[in-house]
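The block underneath contains the structure these notes are about, expressed in structure tokens.
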Amino acid sequence: MRLVLLGPPGAGKGTQAAKIAEAYQIPHISTGDIFRSNVRDATPLGEEAQGYMDRGALVPDELVIRMVSDRLGQDDCAKGFLLDGFPRTVPQAQALDRLLDESGRPLDLVLRFEVPEEELVARLLKRADLEGRVDDTEDVIRKRFEVYRDETSPLADFYEAQGLLTDIDAVGSVEDVTARALGALEDVEPRP
Ligand code: AMP
């Protein structure tokens, strides 16, 4: 199964991604997690990404695309994968399509997690308290929403046009949302 998860900051994408990846025994590829671990280890990639992340801005497409291309080339992705936080721009989605076309392994489904904006802000501020993420202060949260609206939300149309988009109501308990997502996936015949 080859999946992409879409959804605004605070929609619970990461949590759901981990559960879906476990259910299907596929690698959970979170570009945000990869960047954070590079920042922690002070690698050159981390140093390049950190300034963008701290501001709530997107890391340049070229850097992200190269990183995801490397990751998808690893052996564990042969049986499928779940992308969480990528693509985030139309050029990233186009690059992903090209990459998957070249290797003859198209996406099976794109799940979009939907939550009303007021609830998202409340969730993010709570997460800022709990996890101390530097990119969860109010200004940065606002910026991340703006970036989502301007750069990432057009991807819904992009994938809708390919017949791949499925919306998931992401309000409710983690378990309920997982059940909805897994329910949507049950109807999907993985493409060869
Ligand atoms: P996330 O954990 O997915 O919210 O990502 C945290 C931060 O990492 C984002 O605010 C961006 O700065 C950066 N990032 C993660 N994924 C991408 C991506 N696909 N394109 C550009 N920047 C990204």
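Order determines the names: the first chain of the structure tokens is A, the second B, and so forth; residues in each chain are numbered 1 upward, and ligands are numbered 1 upward as they are shown.
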| task | Please write out the residues within 8 Å of ligand 1 as a VMD selection string, counting only C-alpha atoms and all ligand atoms. | result | chain A and resid 9 14 30 to 33 35 to 36 49 to 50 52 to 61 64 to 65 84 to 89 92 135 144
Writing out the chosen residues with N, CA, C and O atoms as a compact mmCIF listing (two decimals), in the first residue's frame:
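Produced file selection-v1.txt, reproduced below:
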# COMPACT_ATOMS: atom_id res chain seq x y z
N PRO A 9 -1.68 21.54 10.20
CA PRO A 9 -0.96 21.33 11.45
C PRO A 9 -1.97 21.10 12.58
O PRO A 9 -2.98 21.79 12.66
N GLY A 14 0.29 12.80 12.42
CA GLY A 14 1.43 11.98 12.84
C GLY A 14 0.98 10.77 13.65
O GLY A 14 1.47 9.65 13.43
N SER A 30 7.98 10.37 7.88
CA SER A 30 7.59 11.73 8.26
C SER A 30 8.76 12.65 7.97
O SER A 30 9.81 12.56 8.60
N THR A 31 8.57 13.56 7.00
CA THR A 31 9.68 14.46 6.66
C THR A 31 9.99 15.38 7.84
O THR A 31 11.16 15.69 8.10
N GLY A 32 8.97 15.78 8.60
CA GLY A 32 9.21 16.60 9.80
C GLY A 32 10.10 15.86 10.80
O GLY A 32 11.04 16.43 11.35
N ASP A 33 9.81 14.56 11.02
CA ASP A 33 10.63 13.77 11.96
C ASP A 33 12.06 13.64 11.44
O ASP A 33 13.02 13.72 12.22
N PHE A 35 13.67 15.74 9.51
CA PHE A 35 14.35 17.02 9.73
C PHE A 35 14.69 17.21 11.20
O PHE A 35 15.80 17.62 11.53
N ARG A 36 13.73 16.91 12.09
CA ARG A 36 14.00 17.12 13.54
C ARG A 36 15.17 16.25 13.99
O ARG A 36 16.00 16.70 14.77
N ALA A 49 18.04 23.08 7.40
CA ALA A 49 16.58 23.09 7.58
C ALA A 49 16.12 23.92 8.78
O ALA A 49 15.02 24.47 8.78
N GLN A 50 16.97 24.02 9.78
CA GLN A 50 16.50 24.54 11.07
C GLN A 50 15.87 25.93 11.02
O GLN A 50 14.83 26.17 11.62
N TYR A 52 14.33 27.48 8.64
CA TYR A 52 12.99 27.44 8.05
C TYR A 52 12.00 26.89 9.06
O TYR A 52 10.90 27.41 9.24
N MET A 53 12.39 25.80 9.70
CA MET A 53 11.48 25.13 10.65
C MET A 53 11.13 26.05 11.81
O MET A 53 9.97 26.15 12.22
N ASP A 54 12.13 26.72 12.35
CA ASP A 54 11.89 27.59 13.52
C ASP A 54 10.90 28.72 13.18
O ASP A 54 10.19 29.19 14.04
N ARG A 55 10.88 29.13 11.93
CA ARG A 55 9.96 30.20 11.52
C ARG A 55 8.60 29.67 11.08
O ARG A 55 7.71 30.45 10.77
N GLY A 56 8.46 28.36 10.97
CA GLY A 56 7.21 27.80 10.47
C GLY A 56 7.13 27.86 8.95
O GLY A 56 6.06 27.69 8.37
N ALA A 57 8.28 28.11 8.32
CA ALA A 57 8.32 28.17 6.84
C ALA A 57 8.66 26.78 6.30
O ALA A 57 9.10 25.90 7.04
N LEU A 58 8.45 26.61 5.01
CA LEU A 58 8.80 25.33 4.39
C LEU A 58 10.28 25.30 4.03
O LEU A 58 10.84 26.30 3.58
N VAL A 59 10.87 24.14 4.21
CA VAL A 59 12.23 23.90 3.73
C VAL A 59 12.13 23.87 2.19
O VAL A 59 11.14 23.39 1.65
N PRO A 60 13.15 24.40 1.48
CA PRO A 60 13.05 24.45 0.01
C PRO A 60 12.76 23.08 -0.62
O PRO A 60 13.29 22.06 -0.18
N ASP A 61 11.90 23.12 -1.64
CA ASP A 61 11.45 21.89 -2.30
C ASP A 61 12.62 20.97 -2.67
O ASP A 61 12.56 19.76 -2.45
N VAL A 64 13.95 18.88 0.15
CA VAL A 64 12.99 17.88 0.65
C VAL A 64 12.83 16.76 -0.37
O VAL A 64 12.80 15.57 -0.01
N ILE A 65 12.75 17.13 -1.64
CA ILE A 65 12.54 16.13 -2.69
C ILE A 65 13.72 15.16 -2.74
O ILE A 65 13.55 13.95 -2.84
N ASP A 84 4.02 11.14 5.42
CA ASP A 84 3.35 12.02 6.39
C ASP A 84 4.10 13.35 6.38
O ASP A 84 5.25 13.42 6.80
N GLY A 85 3.45 14.40 5.85
CA GLY A 85 4.11 15.71 5.81
C GLY A 85 4.80 15.97 4.48
O GLY A 85 5.47 17.00 4.32
N PHE A 86 4.66 15.09 3.55
CA PHE A 86 5.19 15.24 2.20
C PHE A 86 4.22 14.56 1.25
O PHE A 86 3.79 13.44 1.54
N PRO A 87 3.87 15.12 0.12
CA PRO A 87 4.27 16.44 -0.35
C PRO A 87 3.51 17.56 0.37
O PRO A 87 2.45 17.35 0.91
N ARG A 88 4.09 18.77 0.32
CA ARG A 88 3.48 19.93 0.95
C ARG A 88 3.31 21.08 -0.03
O ARG A 88 2.79 22.12 0.33
N THR A 89 3.80 20.90 -1.25
CA THR A 89 3.63 21.92 -2.30
C THR A 89 3.32 21.17 -3.60
O THR A 89 3.62 19.97 -3.72
N GLN A 92 6.36 19.62 -5.15
CA GLN A 92 6.74 18.38 -4.46
C GLN A 92 5.86 17.22 -4.93
O GLN A 92 6.34 16.10 -5.15
N ASP A 135 8.46 25.17 17.29
CA ASP A 135 7.64 25.68 16.20
C ASP A 135 6.16 25.66 16.57
O ASP A 135 5.30 25.69 15.72
N ARG A 144 2.37 28.68 10.19
CA ARG A 144 2.25 27.34 9.62
C ARG A 144 0.87 27.13 8.98
O ARG A 144 0.74 26.46 7.97
Exercise for the section: Return as JSON, numbers by chain the full set of residues in range 10-185 of chain A whose backbone-based DSSP assignment is strand (DSSP E or B). Expected result: {"A": [28, 29, 30, 81, 82, 83, 84, 109, 110, 111, 112, 113, 114, 165, 166, 167, 168, 169]}
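CA of Ser153 in chain A to CA of Lys13 in chain A spans 14.6 Å [interatomic distance, one decimal].
Nearest residue to Thr178 in chain A among A:Leu83, A:Ala42, A:Ile26, A:Leu111 is A:Leu111, counting only C-alpha atoms.
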Leu96 in chain A proximity check over A:Glu62, A:Glu160, A:Asp167, A:Glu47, using only C-alpha atoms: winner is A:Glu62
Residue set, range 16-130 of chain A restricted to alpha helix (DSSP H), as JSON, numbers by chain: {"A": [16, 17, 18, 19, 20, 21, 22, 23, 24, 31, 32, 33, 34, 35, 36, 37, 38, 39, 40, 44, 45, 46, 47, 48, 49, 50, 51, 52, 53, 54, 55, 61, 62, 63, 64, 65, 66, 67, 68, 69, 70, 71, 72, 90, 91, 92, 93, 94, 95, 96, 97, 98, 99, 100, 101, 102, 117, 118, 119, 120, 121, 122, 123, 124, 125, 126, 127, 128, 129, 130]}
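For the choices A:Ala161, A:Ala78, A:Val177, A:Ile168, the atom-to-atom distance to Gln25 in chain A is smallest for A:Ala78 when using only C-alpha atoms.
In this comparison, which uses only C-alpha atoms, the residue of A:Glu119, A:Val110, A:Arg2, A:Gly132 approaching Leu72 in chain A most closely is A:Arg2.
Closest approach to Cys77 in chain A from the set A:Pro154, A:Gly163, A:Pro27, A:Gly172 is made by A:Pro27, with distances taken over only C-alpha atoms.
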Taking 5 positions as the minimum chain separation for residues in the same chain, which residues sit within 8 Å of Phe113 in chain A when counting only C-alpha atoms? Answer as a list of chain:residue names. A:Leu5, A:Leu6, A:Gly7, A:Pro8, A:Ala11, A:Gly12, A:Lys13, A:Asp167, A:Ile168, A:Asp169, A:Ala170
